[in-house]
>>> print(open('work.cif').read())   # mmCIF, C-alpha atoms and all ligand atoms
data_run
#
loop_
_atom_site.label_atom_id
_atom_site.label_comp_id
_atom_site.auth_asym_id
_atom_site.auth_seq_id
_atom_site.Cartn_x
_atom_site.Cartn_y
_atom_site.Cartn_z
CA MET A 1 111.32 138.80 110.52
CA ARG A 2 108.29 140.78 111.51
CA LYS A 3 105.65 141.42 108.90
CA LYS A 4 104.98 144.97 107.79
CA MET A 5 101.45 146.32 107.94
CA VAL A 6 99.23 149.23 106.96
CA VAL A 7 95.74 149.59 108.41
CA GLY A 8 93.21 152.17 107.26
CA ASN A 9 90.94 153.49 110.02
CA TRP A 10 88.03 155.01 108.17
CA LYS A 11 86.52 156.40 111.40
CA MET A 12 82.94 157.67 110.81
CA HIS A 13 83.35 158.33 107.10
CA GLY A 14 82.11 156.82 103.89
CA ASN A 15 78.95 155.51 102.29
CA LEU A 16 78.16 152.50 100.13
CA LEU A 17 79.18 154.14 96.89
CA GLU A 18 82.35 155.84 98.15
CA ASN A 19 83.48 152.70 99.93
CA LYS A 20 83.05 150.64 96.80
CA GLN A 21 85.00 153.10 94.66
CA LEU A 22 87.78 153.36 97.23
CA LEU A 23 88.15 149.60 97.60
CA ASP A 24 87.95 149.01 93.83
CA ALA A 25 90.97 151.29 93.43
CA VAL A 26 92.82 149.74 96.37
CA ILE A 27 92.19 146.19 95.16
CA SER A 28 93.28 146.92 91.62
CA SER A 29 96.57 148.45 92.80
CA LEU A 30 97.48 146.26 95.73
CA ASP A 31 95.73 142.91 95.56
CA GLY A 32 98.12 140.00 95.29
CA LEU A 33 101.13 142.27 94.77
CA HIS A 34 101.79 142.61 98.43
CA GLU A 35 103.60 140.40 100.92
CA ASP A 36 102.63 142.88 103.59
CA LEU A 37 99.49 142.93 105.67
CA ILE A 38 96.96 145.48 104.47
CA ALA A 39 93.62 145.99 106.22
CA VAL A 40 90.78 148.47 106.52
CA CYS A 41 88.77 149.03 109.70
CA VAL A 42 85.34 150.27 108.73
CA PRO A 43 82.11 151.38 110.41
CA TYR A 44 80.12 148.37 111.64
CA LEU A 45 77.27 148.83 109.17
CA TYR A 46 79.54 148.47 106.18
CA LEU A 47 81.13 145.20 107.27
CA PRO A 48 78.86 143.01 105.09
CA SER A 49 79.50 145.01 101.92
CA VAL A 50 83.22 145.38 102.63
CA GLN A 51 83.48 141.66 103.35
CA ASN A 52 81.72 140.95 100.09
CA GLN A 53 84.10 143.16 98.15
CA LEU A 54 87.35 142.07 99.84
CA GLN A 55 86.79 138.39 100.53
CA SER A 56 88.56 137.14 97.44
CA SER A 57 91.39 139.68 97.74
CA SER A 58 94.50 139.74 99.94
CA ILE A 59 93.20 142.79 101.80
CA ALA A 60 91.73 142.15 105.24
CA TRP A 61 88.98 144.03 107.07
CA GLY A 62 87.99 144.74 110.62
CA ALA A 63 86.05 147.01 112.96
CA GLN A 64 86.94 150.11 114.95
CA ASN A 65 85.48 149.08 118.30
CA VAL A 66 83.95 146.11 120.08
CA SER A 67 81.98 145.53 123.26
CA GLN A 68 83.83 144.14 126.23
CA TYR A 69 80.81 141.95 126.93
CA GLU A 70 80.06 138.63 125.28
CA LYS A 71 76.29 139.17 124.98
CA GLY A 72 73.37 140.54 126.93
CA ALA A 73 71.32 143.63 127.60
CA TYR A 74 73.79 146.18 126.25
CA THR A 75 71.75 148.39 123.94
CA GLY A 76 73.68 149.66 120.96
CA GLU A 77 76.73 147.45 121.48
CA VAL A 78 78.34 144.97 119.09
CA SER A 79 80.05 141.83 120.38
CA ALA A 80 83.25 140.22 119.18
CA SER A 81 81.40 137.08 118.06
CA MET A 82 79.18 139.30 115.86
CA LEU A 83 82.34 140.67 114.27
CA SER A 84 83.56 137.14 113.61
CA ASP A 85 80.29 136.41 111.84
CA PHE A 86 81.49 138.94 109.27
CA ARG A 87 85.00 137.42 109.26
CA CYS A 88 86.72 140.44 110.77
CA GLN A 89 90.37 139.64 111.30
CA TYR A 90 91.10 142.80 113.25
CA VAL A 91 89.48 145.24 115.62
CA ILE A 92 90.90 148.52 116.89
CA VAL A 93 90.71 148.85 120.67
CA GLY A 94 91.58 151.85 122.80
CA HIS A 95 91.74 154.44 120.05
CA SER A 96 92.28 157.83 121.66
CA GLU A 97 88.95 159.06 120.27
CA ARG A 98 87.21 156.23 122.18
CA ARG A 99 89.25 156.96 125.28
CA MET A 100 88.61 160.71 125.22
CA LEU A 101 85.15 161.09 123.68
CA PHE A 102 83.51 157.90 124.94
CA GLY A 103 85.11 157.55 128.34
CA GLU A 104 86.99 154.29 127.78
CA ASN A 105 89.63 153.80 130.46
CA ASN A 106 92.54 151.38 130.52
CA ASN A 107 90.48 148.68 132.23
CA VAL A 108 87.69 148.78 129.66
CA VAL A 109 90.23 148.75 126.85
CA ALA A 110 91.89 145.68 128.36
CA GLU A 111 88.52 143.92 128.57
CA LYS A 112 87.81 144.74 124.94
CA PHE A 113 91.23 143.37 124.00
CA VAL A 114 90.40 140.08 125.73
CA ALA A 115 86.89 139.93 124.23
CA ALA A 116 88.36 140.27 120.73
CA GLN A 117 90.96 137.56 121.29
CA ASN A 118 88.38 135.22 122.78
CA ALA A 119 86.50 135.46 119.48
CA GLY A 120 89.68 134.84 117.46
CA ILE A 121 90.03 138.46 116.34
CA ILE A 122 93.38 140.28 116.48
CA PRO A 123 93.10 143.46 118.54
CA ILE A 124 94.99 146.52 117.33
CA LEU A 125 95.74 148.12 120.67
CA CYS A 126 96.20 151.90 120.46
CA VAL A 127 98.40 153.69 122.96
CA GLY A 128 99.66 157.24 123.02
CA GLU A 129 100.07 160.40 125.02
CA THR A 130 98.37 163.79 124.81
CA LEU A 131 100.37 166.96 124.17
CA GLU A 132 99.98 167.92 127.80
CA GLN A 133 101.38 164.58 128.92
CA ARG A 134 104.30 164.85 126.48
CA GLU A 135 105.12 168.36 127.64
CA ALA A 136 105.07 167.14 131.24
CA TYR A 137 107.55 164.38 130.25
CA ASN A 138 104.96 161.73 131.05
CA THR A 139 104.89 159.97 127.67
CA GLU A 140 106.63 156.81 128.82
CA GLN A 141 104.65 156.53 132.02
CA VAL A 142 101.33 156.92 130.18
CA ILE A 143 102.19 154.32 127.59
CA GLU A 144 103.57 151.91 130.15
CA GLN A 145 100.30 152.10 132.08
CA GLN A 146 98.20 151.63 128.94
CA LEU A 147 100.15 148.47 128.09
CA LYS A 148 100.29 147.23 131.66
CA SER A 149 96.50 147.12 132.01
CA VAL A 150 96.30 144.78 129.05
CA ILE A 151 99.27 142.64 130.12
CA ASN A 152 97.91 142.32 133.66
CA LEU A 153 94.56 141.09 132.39
CA ALA A 154 95.59 139.06 129.35
CA GLY A 155 99.22 138.07 130.02
CA ILE A 156 102.31 139.08 128.07
CA GLU A 157 101.92 136.24 125.56
CA SER A 158 98.56 137.63 124.48
CA LEU A 159 100.61 140.13 122.49
CA ASN A 160 101.62 137.28 120.18
CA LYS A 161 98.13 137.63 118.75
CA ALA A 162 97.85 141.40 118.76
CA VAL A 163 99.13 144.51 117.04
CA ILE A 164 100.19 147.64 118.94
CA ALA A 165 99.65 151.08 117.43
CA TYR A 166 101.49 154.06 118.86
CA GLU A 167 99.33 157.10 118.14
CA PRO A 168 100.41 160.32 119.84
CA VAL A 169 97.14 162.17 120.40
CA TRP A 170 98.71 165.49 119.33
CA ALA A 171 99.48 164.03 115.91
CA ILE A 172 96.02 162.64 115.12
CA GLY A 173 94.13 164.59 112.49
CA THR A 174 96.27 167.66 113.16
CA GLY A 175 98.64 167.48 110.21
CA ILE A 176 101.50 167.40 112.74
CA THR A 177 103.32 164.11 112.39
CA ALA A 178 105.74 162.85 115.00
CA SER A 179 109.19 162.99 113.44
CA PRO A 180 110.55 159.57 112.50
CA GLU A 181 113.02 159.90 115.41
CA GLN A 182 110.30 160.87 117.92
CA ALA A 183 108.17 157.92 116.84
CA GLN A 184 111.13 155.54 116.79
CA ASP A 185 112.06 156.58 120.35
CA VAL A 186 108.64 155.59 121.64
CA HIS A 187 108.55 152.38 119.59
CA THR A 188 111.94 151.42 121.06
CA PHE A 189 110.67 152.22 124.53
CA ILE A 190 107.68 149.92 123.96
CA ARG A 191 109.74 147.09 122.49
CA GLU A 192 112.42 147.27 125.17
CA GLY A 193 109.80 147.31 127.90
CA LEU A 194 108.21 144.18 126.45
CA ALA A 195 111.62 142.53 126.01
CA LYS A 196 112.16 142.70 129.76
CA GLN A 197 109.11 140.48 130.12
CA ASN A 198 109.41 138.24 127.07
CA SER A 199 111.95 138.74 124.32
CA ASN A 200 110.10 136.60 121.76
CA VAL A 201 106.97 138.67 122.15
CA ALA A 202 108.99 141.89 121.91
CA ASN A 203 110.73 140.77 118.72
CA GLN A 204 107.68 139.60 116.89
CA VAL A 205 104.95 142.08 117.85
CA ILE A 206 104.02 144.50 115.08
CA ILE A 207 104.13 148.12 116.30
CA LEU A 208 102.42 150.58 113.97
CA TYR A 209 102.71 154.36 114.05
CA GLY A 210 99.59 156.49 113.58
CA GLY A 211 99.05 160.24 113.41
CA SER A 212 99.00 162.32 110.23
CA VAL A 213 100.72 159.68 108.09
CA LYS A 214 100.50 160.72 104.43
CA GLY A 215 101.88 159.58 101.11
CA SER A 216 104.62 162.16 101.51
CA ASN A 217 105.96 161.12 104.92
CA ALA A 218 105.23 157.37 105.10
CA SER A 219 108.57 156.17 103.69
CA GLU A 220 110.71 158.00 106.22
CA LEU A 221 108.57 156.77 109.11
CA PHE A 222 108.51 153.17 107.86
CA ALA A 223 112.29 153.22 107.38
CA MET A 224 112.80 153.32 111.14
CA PRO A 225 113.78 149.93 112.56
CA ASP A 226 110.99 149.61 115.12
CA ILE A 227 108.17 151.11 113.05
CA ASP A 228 106.49 148.18 111.32
CA GLY A 229 103.93 150.20 109.39
CA GLY A 230 101.08 152.60 109.99
CA LEU A 231 97.54 153.09 111.24
CA ILE A 232 96.12 155.63 108.85
CA GLY A 233 93.12 157.90 109.39
CA GLY A 234 92.38 160.70 106.91
CA ALA A 235 94.74 159.50 104.18
CA SER A 236 93.12 156.04 104.15
CA LEU A 237 90.01 157.61 102.60
CA ILE A 238 91.87 158.79 99.51
CA ALA A 239 92.74 155.87 97.26
CA ASN A 240 95.97 157.28 95.84
CA ASP A 241 97.28 158.31 99.24
CA PHE A 242 96.44 154.97 100.83
CA ILE A 243 98.06 153.07 97.96
CA THR A 244 101.20 155.23 98.16
CA ILE A 245 101.40 154.61 101.91
CA CYS A 246 101.05 150.84 101.44
CA ARG A 247 103.77 150.89 98.78
CA ALA A 248 106.04 152.83 101.13
CA LEU A 249 106.35 149.66 103.23
CA ARG A 250 108.65 148.32 100.54
CA HIS A 251 110.95 151.32 100.21
O1 LIG A 301 93.73 158.21 114.38
C1 LIG A 301 94.39 157.84 113.42
C2 LIG A 301 94.34 156.45 112.96
O2 LIG A 301 93.70 155.62 113.87
C3 LIG A 301 95.25 158.79 112.69
O3 LIG A 301 94.43 159.70 112.05
P1 LIG A 301 95.06 160.71 110.95
O4 LIG A 301 95.89 159.82 110.03
O5 LIG A 301 93.88 161.30 110.29
O6 LIG A 301 95.90 161.66 111.70
#
>>> encode(input="work.cif", output="structure tokens")
Amino acid sequence: MRKKMVVGNWKMHGNLLENKQLLDAVISSLDGLHEDLIAVCVPYLYLPSVQNQLQSSSIAWGAQNVSQYEKGAYTGEVSASMLSDFRCQYVIVGHSERRMLFGENNNVVAEKFVAAQNAGIIPILCVGETLEQREAYNTEQVIEQQLKSVINLAGIESLNKAVIAYEPVWAIGTGITASPEQAQDVHTFIREGLAKQNSNVANQVIILYGGSVKGSNASELFAMPDIDGGLIGGASLIANDFITICRALRH
């Protein structure tokens, strides 16, 4: 049986006080009660304080980006080994905001994926189509290519130590959620595509859905057979919403 998982992606939000209050509430509601995997991916600068607050809880933490390079003259970058110094278990790679706003292409994303795994960190690989691509019936082709770049570089079995997140770009931060059926269709497409290459990998890889997941729609999304949980943006900043979403894994 695959594990279920909820990951909060805080994006560029928060401060020391707000983070502490948010995590206090999350820990007191969810710590120890959960068989599921719960994690928060926070801005780099807050990793030490988040580590300090979460280290004796069952909630994991990670980053939202990582350099594809191991070390060197790369001003402003953060390496995977630096993230392991702060015991990050996860790092998001290939988020659509990084792809669109910071020019990360499939090759760079694949290199980041490998850099994370080389440092023992589980990459959360984001894939997803824009509205334009969906309307042109290119969703499957886009996602196939996004996955293929990683598989070509890292091998299919690398997905044994990774999480995939399907995030349709048109559903991120827009309030428009993919319907459970729309999301399930793409998750099935992903899993069946992987099964053609390695059925064990396909069966065990966690595939999260992300894009306007809220307390009010999480249960119906998580009830779909190939949706193993969620990658949550805005709602992960509001303690009650995030807690409700995590609890929805069990309904
Ligand atoms: O981008 C997301 C998570 O990585 C989704 O963001 P929202 O939940 O705010 O739509």
>>> residues_near_ligand(input="work.cif", ligand="ligand LIG 301 (chain A)", cutoff="10 Å", atoms="only C-alpha atoms and all ligand atoms", output="number ranges by chain")
A: 7-11, 41, 64, 92, 94-97, 124, 126, 165-177, 209-214, 230-237
>>> residues_around(input="work.cif", residues="Leu153 (chain A)", least_positions_apart="4", cutoff="10 Å", atoms="all atoms listed in the file", output="compact mmCIF listing (two decimals) with C-alpha atoms, in the coordinates of the input")
# COMPACT_ATOMS: atom_id res chain seq x y z
CA ASN A 107 90.48 148.68 132.23
CA ALA A 110 91.89 145.68 128.36
CA GLU A 111 88.52 143.92 128.57
CA PHE A 113 91.23 143.37 124.00
CA VAL A 114 90.40 140.08 125.73
CA LYS A 148 100.29 147.23 131.66
CA SER A 149 96.50 147.12 132.01
CA SER A 158 98.56 137.63 124.48
>>> closest_residue(input="work.cif", among="A:Gln197, A:Gln184, A:Gln89, A:Ser57", to="Ile151 (chain A)", atoms="only C-alpha atoms")
A:Gln197
>>> closest_residue(input="work.cif", among="A:His251, A:Thr139, A:Leu125, A:Ile245", to="Leu30 (chain A)", atoms="all atoms listed in the file")
A:Ile245
>>> closest_residue(input="work.cif", among="A:Tyr137, A:Ala223, A:Asn203, A:Cys246", to="Met1 (chain A)", atoms="all atoms listed in the file")
A:Asn203
>>> closest_residue(input="work.cif", among="A:Thr244, A:Ser29, A:Gln145, A:Gln182", to="Asn106 (chain A)", atoms="all atoms listed in the file")
A:Gln145
>>> residues_near_point(input="work.cif", point="(90.2, 141.0, 113.0)", cutoff="10 Å", atoms="only C-alpha atoms", output="ChimeraX atom specification")
/A:39-41,60-64,80,83-84,86-92,116-117,119-124,162
>>> residues_near_point(input="work.cif", point="(80.4, 144.2, 126.7)", cutoff="9 Å", atoms="all atoms listed in the file", output="list in words")
Val66, Ser67, Gln68, Tyr69, Glu70, Lys71, Gly72, Tyr74, Glu77, Val78, Ser79, Ala80, Glu111, Lys112 and Ala115 of chain A
>>> atom_distance(input="work.cif", atom1="CA of Arg2 (chain A)", atom2="CA of Arg99 (chain A)")
28.5 Å
>>> atom_distance(input="work.cif", atom1="CA of His187 (chain A)", atom2="CA of Asp226 (chain A)")
5.8 Å
>>> closest_residue(input="work.cif", among="A:Val108, A:Tyr46, A:Lys4, A:Asn160", to="Glu18 (chain A)", atoms="all atoms listed in the file")
A:Tyr46
>>> atom_distance(input="work.cif", atom1="CA of Gly32 (chain A)", atom2="CA of Lys3 (chain A)")
15.6 Å
>>> closest_residue(input="work.cif", among="A:Gly215, A:Val186, A:Ala202, A:Asn65", to="Asn138 (chain A)", atoms="only C-alpha atoms")
A:Val186
